[in-house]
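Source file run-v5.cif; content: mmCIF, C-alpha atoms.
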```cif
data_final
loop_
_atom_site.label_atom_id
_atom_site.label_comp_id
_atom_site.auth_asym_id
_atom_site.auth_seq_id
_atom_site.Cartn_x
_atom_site.Cartn_y
_atom_site.Cartn_z
CA MET M 1405 180.14 139.52 -247.87
CA ILE M 1406 180.28 143.32 -247.83
CA ASN M 1407 183.10 145.14 -246.04
CA LEU M 1408 182.17 148.59 -244.79
CA PRO M 1409 184.29 151.24 -243.05
CA LEU M 1410 184.79 151.20 -239.28
CA PHE M 1411 185.32 147.44 -239.40
CA ILE M 1412 181.62 146.70 -239.88
CA THR M 1413 181.04 143.42 -241.69
CA VAL M 1414 177.66 142.75 -243.29
CA THR M 1415 176.97 139.27 -244.59
CA THR M 1416 174.23 138.02 -246.87
CA TRP M 1417 172.48 136.50 -243.86
CA ASP M 1418 172.48 139.91 -242.13
CA ILE M 1419 170.76 141.47 -245.13
CA LEU M 1420 168.24 138.63 -245.24
CA ASP M 1421 167.66 139.05 -241.51
CA ILE M 1422 166.95 142.78 -241.95
CA LEU M 1423 164.59 142.13 -244.86
CA LEU M 1424 162.64 139.50 -242.92
CA VAL M 1425 162.28 141.84 -239.93
CA ALA M 1426 161.13 144.63 -242.27
CA VAL M 1427 158.51 142.35 -243.84
CA LEU M 1428 157.34 141.22 -240.39
CA LEU M 1429 157.01 144.81 -239.16
CA TYR M 1430 155.16 145.80 -242.33
CA GLN M 1431 152.70 142.92 -241.95
CA LEU M 1432 152.24 143.86 -238.29
CA TYR M 1433 151.50 147.44 -239.31
CA LYS M 1434 148.95 146.29 -241.92
CA LEU M 1435 147.30 144.09 -239.32
CA ILE M 1436 146.75 146.82 -236.72
CA LYS M 1437 146.42 149.83 -239.04
CA GLY M 1438 143.14 151.63 -238.53
CA THR M 1439 142.36 149.87 -235.23
CA VAL M 1440 142.69 150.92 -231.61
CA ALA M 1441 145.55 148.44 -231.35
CA ILE M 1442 147.90 150.84 -233.13
CA ASN M 1443 147.34 153.41 -230.35
CA ILE M 1444 148.12 150.77 -227.74
CA PHE M 1445 151.27 149.82 -229.66
CA ALA M 1446 152.33 153.48 -229.78
CA GLY M 1447 151.77 153.74 -226.02
CA ILE M 1448 153.89 150.67 -225.33
CA PHE M 1449 156.67 151.98 -227.60
CA THR M 1450 156.60 155.35 -225.79
CA PHE M 1451 156.77 153.55 -222.44
CA TYR M 1452 159.80 151.59 -223.65
CA LEU M 1453 161.59 154.77 -224.79
CA PHE M 1454 160.86 156.40 -221.43
CA TRP M 1455 162.38 153.39 -219.66
CA LEU M 1456 165.55 153.69 -221.77
CA LEU M 1457 165.77 157.39 -220.91
CA VAL M 1458 165.38 156.66 -217.18
CA LYS M 1459 168.14 154.06 -217.39
CA ALA M 1460 170.42 156.48 -219.24
CA LEU M 1461 169.91 159.08 -216.45
CA ASN M 1462 170.75 156.44 -213.80
CA MET M 1463 167.45 156.90 -211.96
CA GLU M 1464 167.76 153.52 -210.28
CA LEU M 1465 164.49 153.38 -208.30
CA LEU M 1466 162.23 154.40 -211.16
CA SER M 1467 164.27 152.29 -213.57
CA SER M 1468 163.85 149.17 -211.42
CA ILE M 1469 160.09 149.73 -211.15
CA LEU M 1470 159.65 150.21 -214.88
CA GLY M 1471 161.99 147.30 -215.51
CA GLN M 1472 159.55 144.97 -213.78
CA PHE M 1473 156.93 145.83 -216.38
CA ILE M 1474 159.41 145.45 -219.22
CA GLY M 1475 160.42 142.04 -217.86
CA VAL M 1476 156.93 140.64 -218.44
CA GLY M 1477 156.53 142.52 -221.70
CA VAL M 1478 156.02 139.45 -223.91
CA ILE M 1479 153.22 138.11 -221.73
CA ALA M 1480 151.64 141.56 -221.59
CA LEU M 1481 151.80 141.87 -225.39
CA ILE M 1482 150.08 138.50 -225.81
CA ILE M 1483 147.29 139.56 -223.44
CA VAL M 1484 146.82 143.02 -224.93
CA PHE M 1485 147.04 141.93 -228.57
CA GLN M 1486 145.32 138.55 -228.28
CA GLN M 1487 142.72 139.43 -230.94
CA GLU M 1488 145.36 140.66 -233.39
CA ILE M 1489 147.55 137.58 -232.78
CA ARG M 1490 144.52 135.34 -233.32
CA ARG M 1491 143.69 137.18 -236.54
CA PHE M 1492 147.30 136.85 -237.74
CA LEU M 1493 147.36 133.10 -237.08
CA LEU M 1494 143.98 132.67 -238.80
CA LEU M 1495 145.28 134.49 -241.86
CA ILE M 1496 148.34 132.26 -242.03
CA GLY M 1497 146.23 129.15 -241.53
CA THR M 1498 143.76 130.03 -244.29
CA LYS M 1499 146.26 131.50 -246.74
CA TYR M 1500 148.53 128.47 -246.64
CA ASN M 1501 145.86 125.82 -246.20
CA PHE M 1502 146.76 123.18 -248.80
CA ASN M 1503 144.52 120.49 -247.34
CA GLN M 1504 141.60 121.41 -249.59
CA SER M 1505 143.67 120.83 -252.73
CA TRP M 1506 144.60 117.29 -251.73
CA ARG M 1507 141.28 115.98 -250.51
CA VAL M 1508 140.33 112.62 -252.06
CA GLU M 1509 136.96 113.84 -253.33
CA ASN M 1510 138.66 116.64 -255.25
CA LEU M 1511 140.49 114.06 -257.35
CA PHE M 1512 137.17 112.86 -258.80
CA LYS M 1513 135.38 116.20 -258.90
CA VAL M 1514 134.43 117.48 -262.34
CA LYS M 1515 134.52 121.27 -262.58
CA THR M 1516 132.71 122.59 -265.61
CA LYS M 1517 132.47 126.13 -266.89
CA THR M 1518 128.67 125.85 -267.05
CA ILE M 1519 128.39 125.38 -263.29
CA ARG M 1520 130.67 128.33 -262.69
CA GLU M 1521 128.70 130.63 -265.00
CA GLU M 1522 125.41 129.54 -263.43
CA TYR M 1523 126.85 130.22 -259.98
CA ILE M 1524 127.94 133.74 -260.95
CA GLN M 1525 124.72 134.55 -262.78
CA ALA M 1526 122.54 133.47 -259.88
CA ILE M 1527 124.42 135.64 -257.36
CA SER M 1528 124.57 138.70 -259.61
CA THR M 1529 120.87 138.42 -260.50
CA ALA M 1530 119.90 138.11 -256.84
CA CYS M 1531 122.07 141.10 -255.90
CA LYS M 1532 120.58 143.16 -258.72
CA ASN M 1533 117.02 142.40 -257.60
CA MET M 1534 117.80 143.00 -253.92
CA SER M 1535 119.52 146.27 -254.80
CA GLU M 1536 116.44 147.48 -256.66
CA THR M 1537 114.12 146.58 -253.76
CA LYS M 1538 116.62 147.76 -251.10
CA THR M 1539 116.77 144.37 -249.46
CA GLY M 1540 119.77 144.08 -247.16
CA ALA M 1541 122.11 141.16 -247.81
CA LEU M 1542 125.45 139.85 -246.58
CA ILE M 1543 126.98 137.09 -248.73
CA VAL M 1544 130.28 135.41 -247.86
CA LEU M 1545 132.15 133.65 -250.66
CA SER M 1546 134.50 130.98 -249.36
CA LYS M 1547 137.92 130.66 -251.00
CA ARG M 1548 140.42 128.14 -249.58
CA SER M 1549 138.79 127.84 -246.18
CA GLU M 1550 135.39 126.15 -245.91
CA LEU M 1551 134.37 128.42 -243.00
CA TYR M 1552 132.55 125.62 -241.16
CA ASN M 1553 133.22 127.25 -237.79
CA PHE M 1554 131.28 130.33 -238.92
CA ALA M 1555 128.62 128.23 -240.68
CA GLN M 1556 127.87 126.42 -237.44
CA THR M 1557 126.81 129.69 -235.82
CA GLY M 1558 123.85 129.82 -238.21
CA VAL M 1559 121.54 127.36 -239.96
CA LEU M 1560 123.13 124.80 -242.27
CA ILE M 1561 121.39 124.63 -245.64
CA LYS M 1562 123.76 122.97 -248.16
CA ALA M 1563 121.45 123.86 -251.05
CA LYS M 1564 122.05 124.50 -254.72
CA ILE M 1565 122.63 128.16 -255.51
CA SER M 1566 119.74 129.98 -257.16
CA SER M 1567 118.77 133.62 -257.30
CA ASP M 1568 115.28 132.85 -255.98
CA LEU M 1569 116.65 131.06 -252.93
CA ILE M 1570 119.10 133.86 -252.14
CA GLU M 1571 116.35 136.48 -252.40
CA ASN M 1572 113.96 134.41 -250.27
CA ILE M 1573 116.58 133.98 -247.54
CA PHE M 1574 117.26 137.73 -247.32
CA PHE M 1575 113.59 138.74 -247.60
CA LYS M 1576 112.96 140.95 -244.55
CA ASN M 1577 110.20 138.70 -243.15
CA SER M 1578 112.28 135.53 -243.56
CA PRO M 1579 113.55 133.95 -240.32
CA LEU M 1580 116.98 133.56 -241.99
CA HIS M 1581 117.47 137.12 -243.22
CA ASP M 1582 119.57 138.25 -240.24
CA GLY M 1583 123.29 137.54 -240.31
CA GLY M 1584 125.41 136.34 -243.20
CA MET M 1585 125.03 133.69 -245.88
CA ILE M 1586 128.05 131.49 -246.57
CA ILE M 1587 128.60 130.06 -250.05
CA ALA M 1588 131.19 127.30 -250.38
CA GLU M 1589 131.91 124.83 -253.19
CA ASN M 1590 129.02 126.05 -255.36
CA ARG M 1591 126.53 125.48 -252.56
CA ILE M 1592 124.73 127.73 -250.11
CA LEU M 1593 126.35 126.24 -247.02
CA ALA M 1594 124.55 128.20 -244.30
CA ALA M 1595 122.50 131.31 -243.53
CA ARG M 1596 121.89 133.52 -240.49
CA CYS M 1597 125.56 133.16 -239.58
CA ILE M 1598 127.26 135.37 -237.00
CA LEU M 1599 130.28 137.12 -238.49
CA PRO M 1600 133.11 138.95 -236.68
CA VAL M 1601 132.57 142.72 -236.64
CA THR M 1602 135.70 144.76 -237.34
CA ASP M 1603 137.00 147.34 -234.89
CA SER M 1604 138.71 149.28 -237.69
CA THR M 1605 138.29 153.05 -237.55
CA SER M 1606 139.05 153.44 -241.27
CA LEU M 1607 135.53 152.58 -242.42
CA PRO M 1608 133.27 155.56 -243.17
CA GLY M 1609 130.54 156.23 -240.65
CA THR M 1610 127.93 155.93 -243.40
CA LEU M 1611 128.56 152.17 -243.61
CA GLY M 1612 126.46 150.07 -241.27
CA LEU M 1613 126.82 146.85 -239.32
CA ARG M 1614 126.58 144.60 -242.40
CA HIS M 1615 129.59 146.32 -243.94
CA ARG M 1616 131.55 146.14 -240.68
CA ALA M 1617 130.76 142.43 -240.36
CA GLY M 1618 131.78 141.79 -243.96
CA PHE M 1619 134.96 143.81 -243.46
CA GLY M 1620 135.79 141.87 -240.30
CA MET M 1621 135.22 138.56 -242.10
CA THR M 1622 137.79 139.41 -244.78
CA GLN M 1623 140.26 140.49 -242.10
CA GLU M 1624 140.08 137.14 -240.32
CA THR M 1625 139.71 134.81 -243.34
CA ASP M 1626 140.52 134.70 -247.04
CA ALA M 1627 136.82 134.94 -247.96
CA HIS M 1628 135.32 137.64 -250.18
CA VAL M 1629 132.07 139.35 -249.17
CA ILE M 1630 129.19 141.01 -251.02
CA VAL M 1631 127.01 143.50 -249.16
CA VAL M 1632 123.73 144.99 -250.34
CA SER M 1633 122.75 148.05 -248.34
CA GLU M 1634 119.21 148.10 -246.94
CA GLU M 1635 119.22 151.92 -246.76
CA THR M 1636 120.58 152.81 -250.21
CA GLY M 1637 120.48 149.58 -252.21
CA ASN M 1638 124.17 150.05 -253.09
CA ILE M 1639 126.26 146.93 -253.66
CA SER M 1640 129.71 146.67 -252.07
CA TYR M 1641 132.49 144.14 -252.57
CA ILE M 1642 135.01 143.39 -249.82
CA MET M 1643 138.26 141.43 -250.09
CA ASP M 1644 141.51 141.24 -248.11
CA GLY M 1645 140.34 143.89 -245.67
CA HIS M 1646 139.54 146.40 -248.45
CA ILE M 1647 136.17 147.54 -249.71
CA LYS M 1648 134.75 148.98 -252.91
CA VAL M 1649 131.30 150.53 -252.55
CA ARG M 1650 128.59 151.37 -255.07
CA ILE M 1651 129.70 148.86 -257.67
CA SER M 1652 127.67 147.98 -260.76
CA ILE M 1653 126.37 144.53 -261.64
CA GLU M 1654 128.98 144.35 -264.40
CA GLU M 1655 131.75 145.04 -261.88
CA LEU M 1656 130.30 142.45 -259.52
CA GLU M 1657 130.35 139.80 -262.24
CA LYS M 1658 133.98 140.67 -263.05
CA PHE M 1659 134.94 140.28 -259.40
CA LEU M 1660 133.11 136.97 -259.17
CA ASN M 1661 135.05 135.84 -262.24
CA GLY M 1662 138.31 136.70 -260.48
CA ASP M 1663 139.03 139.91 -262.39
CA TYR M 1664 140.06 142.46 -259.76
CA SER M 1665 141.91 144.82 -262.09
CA SER M 1666 139.36 147.59 -261.47
CA PHE M 1667 139.20 147.02 -257.72
CA ILE M 1668 140.00 150.31 -256.01
CA ILE M 1669 141.32 150.04 -252.48
CA ASN M 1670 139.41 152.32 -250.13
CA ASN M 1671 140.89 152.79 -246.69
#
```

Reformat the file's structure so that it appears as structure tokens.
Amino acid sequence: MINLPLFITVTTWDILDILLVAVLLYQLYKLIKGTVAINIFAGIFTFYLFWLLVKALNMELLSSILGQFIGVGVIALIIVFQQEIRRFLLLIGTKYNFNQSWRVENLFKVKTKTIREEYIQAISTACKNMSETKTGALIVLSKRSELYNFAQTGVLIKAKISSDLIENIFFKNSPLHDGGMIIAENRILAARCILPVTDSTSLPGTLGLRHRAGFGMTQETDAHVIVVSEETGNISYIMDGHIKVRISIEELEKFLNGDYSSFIINN
């Protein structure tokens, strides 16, 4: 317990309470940063300050009218920020999803380094070839979440990963080239999947719809995304709502191996 002047007593629980609120506000800011939601939040905060000023000046009629809006503020916030609240709950659900670790089949699953290396080599080779031919691609790499809800928006494949198959799927005349490919548990789970497009204003205007879809996917899930630009052939890697553009094949292989030490956050 800390005793401060003016008879103010601050306990350990008060400090913990302040820290938790600070963390919550910071996470809220990260969630809505770069979106139109932050402008809406600023408008609501300005409205609330105006209401406090009206109350302080004893303007009873205007204060009572504004008070009616403040009284239903929680419901209004849920309606206005429904997409952000949904995104926040999805992030919590995927980040702390322990079900995959305790599935029965995982107890008998043999994970070998050879399979992992083959998986990485196939993706990097396909991306290299598609980059050289300027073939657009959008590849989603599942982490903890299996992403079945997104896979069901496309065509389920459940095929073994190979560079030839990846390139054939994204070939411009292929019926599966539109949309995203989802890779989960060392299998190509689905192709032609519809992904959520971000409304973030922080992305450069030079990045197209594939990049915005990949960015939105990493905002709503814990997945990582690889994008090959159809216009430039540049390869981009997206994770946790951040993107690194124009990466080399060597960098891509490092990221696929879980080495993100050179990942530069671009806002």

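With all atoms listed in the file as the atoms that count, the residue of M:Ser1665, M:Ser1604, M:Asn1590, M:Thr1539 with the shortest distance to Ile1573 of chain M is M:Thr1539.
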
_Which residues, named as in the file, does the PyMOL selection byres ((chain M and resi 1634-1650) around 10) pick out? Answer as JSON, numbers by chain._
{"M": [1434, 1435, 1495, 1531, 1532, 1533, 1534, 1535, 1536, 1537, 1538, 1539, 1540, 1541, 1542, 1543, 1544, 1545, 1576, 1602, 1604, 1607, 1611, 1612, 1614, 1615, 1618, 1619, 1620, 1621, 1622, 1623, 1624, 1625, 1626, 1627, 1628, 1629, 1630, 1631, 1632, 1633, 1651, 1652, 1653, 1655, 1656, 1659, 1660, 1664, 1666, 1667, 1668, 1669, 1670, 1671]}

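Taking only C-alpha atoms into account, the protein, DNA and RNA residues within 10 Å of (118.9, 131.8, -250.8) read Ala1526, Ile1527, Ala1530, Ile1543, Ile1561, Ala1563, Lys1564, Ile1565, Ser1566, Ser1567, Asp1568, Leu1569, Ile1570, Glu1571, Asn1572, Ile1573, Phe1574, Phe1575, Leu1580, His1581, Met1585, Ile1587, Ile1592, Ala1594 and Ala1595 of chain M.
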
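Going from atom CA of Ile1482 of chain M to atom CA of Thr1557 of chain M covers 26.8 Å.
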
*Counting all atoms listed in the file, what is within 10 Å of Phe1454 of chain M, bar same-chain residues fewer than 6 positions away, as a ChimeraX atom specification?*
/M:1448,1460,1467,1470

File of the preceding selection, C-alpha atoms, as a PDB file, in the coordinates of the input:
```
ATOM      1  CA  ILE M1448     153.890 150.670-225.330  1.00  0.00           C
ATOM      2  CA  ALA M1460     170.420 156.480-219.240  1.00  0.00           C
ATOM      3  CA  SER M1467     164.270 152.290-213.570  1.00  0.00           C
ATOM      4  CA  LEU M1470     159.650 150.210-214.880  1.00  0.00           C
TER       5      LEU M1470
END
```

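From atom CA of Ile1586 of chain M back to atom CA of Ser1528 of chain M, the distance works out to 15.3 Å.
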
As AutoDock Vina command-line options, please report the centre and edge lengths, rounded to one decimal in Å, of the axis-aligned box that holds all listed atoms of segment 1578-1581 of chain M with 8 Å of padding on each of the six sides.
```
--center_x 114.9 --center_y 135.3 --center_z -241.9 --size_x 21.2 --size_y 19.6 --size_z 19.2
```

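Taking atom CA of Gln1556 of chain M and atom CA of Ala1588 of chain M as the two end points, the separation is 13.4 Å.
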
_Is it possible to get the residues within 9 Å of (165.8, 153.7, -218.3) (coordinates as in the file, counting all atoms listed in the file) written as a ChimeraX atom specification?_
/M:1452-1464,1466-1468,1470-1471

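With all atoms listed in the file as the atoms that count, the minimum distance from Arg1591 of chain M to the choices M:Arg1520, M:Ala1617, M:Thr1610, M:Val1484 is reached by M:Arg1520.
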
_I'd like to know which of M:Arg1616, M:Glu1522, M:Val1559, M:Gly1609 is closest to Cys1597 of chain M, using all atoms listed in the file._
M:Val1559
